[in-house]
$ cat input_37.pdb   # PDB, C-alpha atoms
MODEL        1
ATOM      1  CA  MET A   1      64.083 -44.841  59.919  1.00  0.00           C
ATOM      2  CA  ARG A   2      62.133 -44.686  63.115  1.00  0.00           C
ATOM      3  CA  LYS A   3      63.040 -46.570  66.240  1.00  0.00           C
ATOM      4  CA  SER A   4      59.753 -48.482  66.105  1.00  0.00           C
ATOM      5  CA  GLU A   5      60.747 -49.761  62.653  1.00  0.00           C
ATOM      6  CA  LEU A   6      64.156 -50.864  63.948  1.00  0.00           C
ATOM      7  CA  ILE A   7      62.526 -52.993  66.645  1.00  0.00           C
ATOM      8  CA  LYS A   8      60.810 -55.111  63.986  1.00  0.00           C
ATOM      9  CA  LEU A   9      64.038 -55.950  62.125  1.00  0.00           C
ATOM     10  CA  GLY A  10      66.220 -58.964  62.753  1.00  0.00           C
ATOM     11  CA  GLN A  11      69.927 -58.875  63.440  1.00  0.00           C
ATOM     12  CA  GLU A  12      70.970 -59.681  59.848  1.00  0.00           C
ATOM     13  CA  GLU A  13      68.734 -56.921  58.484  1.00  0.00           C
ATOM     14  CA  LEU A  14      70.185 -54.474  60.995  1.00  0.00           C
ATOM     15  CA  ILE A  15      73.732 -55.319  59.919  1.00  0.00           C
ATOM     16  CA  THR A  16      72.742 -54.746  56.288  1.00  0.00           C
ATOM     17  CA  LYS A  17      71.175 -51.389  57.175  1.00  0.00           C
ATOM     18  CA  LEU A  18      74.316 -50.458  59.112  1.00  0.00           C
ATOM     19  CA  LYS A  19      76.524 -51.093  56.086  1.00  0.00           C
ATOM     20  CA  ASP A  20      74.174 -49.087  53.867  1.00  0.00           C
ATOM     21  CA  GLY A  21      74.164 -46.216  56.340  1.00  0.00           C
ATOM     22  CA  GLN A  22      77.935 -46.156  56.593  1.00  0.00           C
ATOM     23  CA  GLU A  23      78.266 -46.110  52.796  1.00  0.00           C
ATOM     24  CA  SER A  24      75.790 -43.258  52.476  1.00  0.00           C
ATOM     25  CA  LEU A  25      77.657 -41.325  55.181  1.00  0.00           C
ATOM     26  CA  VAL A  26      80.895 -41.639  53.204  1.00  0.00           C
ATOM     27  CA  ASN A  27      79.113 -40.442  50.061  1.00  0.00           C
ATOM     28  CA  LEU A  28      77.600 -37.482  51.899  1.00  0.00           C
ATOM     29  CA  ARG A  29      81.010 -36.511  53.248  1.00  0.00           C
ATOM     30  CA  PHE A  30      82.475 -36.612  49.733  1.00  0.00           C
ATOM     31  CA  GLN A  31      79.638 -34.438  48.487  1.00  0.00           C
ATOM     32  CA  LYS A  32      80.247 -31.993  51.322  1.00  0.00           C
ATOM     33  CA  ALA A  33      83.958 -31.818  50.515  1.00  0.00           C
ATOM     34  CA  LEU A  34      83.158 -31.116  46.867  1.00  0.00           C
ATOM     35  CA  GLN A  35      80.505 -28.574  47.909  1.00  0.00           C
ATOM     36  CA  GLN A  36      77.769 -30.510  46.126  1.00  0.00           C
ATOM     37  CA  LEU A  37      75.690 -31.271  49.221  1.00  0.00           C
ATOM     38  CA  GLU A  38      72.418 -29.350  49.229  1.00  0.00           C
ATOM     39  CA  HIS A  39      71.278 -30.299  52.736  1.00  0.00           C
ATOM     40  CA  PRO A  40      74.181 -30.623  55.204  1.00  0.00           C
ATOM     41  CA  GLN A  41      71.815 -31.749  57.967  1.00  0.00           C
ATOM     42  CA  LYS A  42      71.495 -35.104  56.149  1.00  0.00           C
ATOM     43  CA  ILE A  43      74.885 -36.017  57.616  1.00  0.00           C
ATOM     44  CA  ARG A  44      73.498 -35.560  61.125  1.00  0.00           C
ATOM     45  CA  PHE A  45      70.446 -37.692  60.387  1.00  0.00           C
ATOM     46  CA  VAL A  46      72.514 -40.511  58.892  1.00  0.00           C
ATOM     47  CA  ARG A  47      74.918 -40.476  61.849  1.00  0.00           C
ATOM     48  CA  ARG A  48      71.967 -40.632  64.251  1.00  0.00           C
ATOM     49  CA  GLU A  49      70.434 -43.536  62.323  1.00  0.00           C
ATOM     50  CA  ILE A  50      73.748 -45.415  62.413  1.00  0.00           C
ATOM     51  CA  ALA A  51      73.917 -44.941  66.183  1.00  0.00           C
ATOM     52  CA  GLN A  52      70.376 -46.269  66.625  1.00  0.00           C
ATOM     53  CA  ILE A  53      71.162 -49.311  64.482  1.00  0.00           C
ATOM     54  CA  LYS A  54      74.352 -49.998  66.446  1.00  0.00           C
ATOM     55  CA  THR A  55      72.369 -49.779  69.677  1.00  0.00           C
ATOM     56  CA  ALA A  56      69.823 -52.297  68.382  1.00  0.00           C
ATOM     57  CA  ILE A  57      72.611 -54.676  67.301  1.00  0.00           C
ATOM     58  CA  ARG A  58      74.213 -54.365  70.743  1.00  0.00           C
ATOM     59  CA  GLU A  59      70.867 -55.222  72.360  1.00  0.00           C
ATOM     60  CA  PHE A  60      70.893 -58.477  70.372  1.00  0.00           C
ATOM     61  CA  GLU A  61      74.414 -59.226  71.609  1.00  0.00           C
ATOM     62  CA  LEU A  62      73.450 -58.605  75.226  1.00  0.00           C
ATOM     63  CA  GLY A  63      70.336 -60.721  74.921  1.00  0.00           C
ATOM     64  CA  LYS A  64      67.889 -57.915  75.587  1.00  0.00           C
ATOM     65  CA  ARG A  65      66.200 -58.574  72.261  1.00  0.00           C
ATOM     66  CA  GLY A  66      65.009 -61.915  70.995  1.00  0.00           C
ATOM     67  CA  ASN A  67      65.443 -63.623  67.614  1.00  0.00           C
TER      68      ASN A  67
ENDMDL
END

$ encode --input "input_37.pdb" --output "structure tokens"
Amino acid sequence: MRKSELIKLGQEELITKLKDGQESLVNLRFQKALQQLEHPQKIRFVRREIAQIKTAIREFELGKRGN
């Protein structure tokens, strides 16, 4: 997900995306442990997406974003 797409989402949607991202990260780690993961760089992309979502949620908490 691009940062421009994250800006358009509300806080509840961001929290939902965060939970989905964390679940997919756990699944990717299990696949890696079982050597079933075809593209290990997916873990990096999911971790980066989670960080961007957490940053957007924090902006809501600090009042830098509306809604």

$ residues_around --input "input_37.pdb" --residues "stretch 1-15 of chain A" --least-positions-apart "2" --cutoff "12 Å" --atoms "only C-alpha atoms" --output "VMD selection string"
chain A and resid 17 to 22 45 to 61 63 to 67

$ axis_aligned_box --input "input_37.pdb" --around "stretch 7-26 of chain A" --padding-each-side "5 Å" --output "AutoDock Vina command-line options"
--center_x 70.9 --center_y -50.5 --center_z 59.6 --size_x 30.1 --size_y 28.4 --size_z 24.2

$ atom_distance --input "input_37.pdb" --atom1 "atom CA of A:Glu38" --atom2 "atom CA of A:Glu23"
18.1 Å

$ atom_distance --input "input_37.pdb" --atom1 "atom CA of A:Ala33" --atom2 "atom CA of A:Thr16"
26.2 Å

$ atom_distance --input "input_37.pdb" --atom1 "atom CA of A:Leu25" --atom2 "atom CA of A:Ile43"
6.5 Å

$ residues_around --input "input_37.pdb" --residues "A:Leu28" --least-positions-apart "4" --cutoff "8 Å" --atoms "only C-alpha atoms" --output "VMD selection string"
chain A and resid 24 32 37 42 to 43
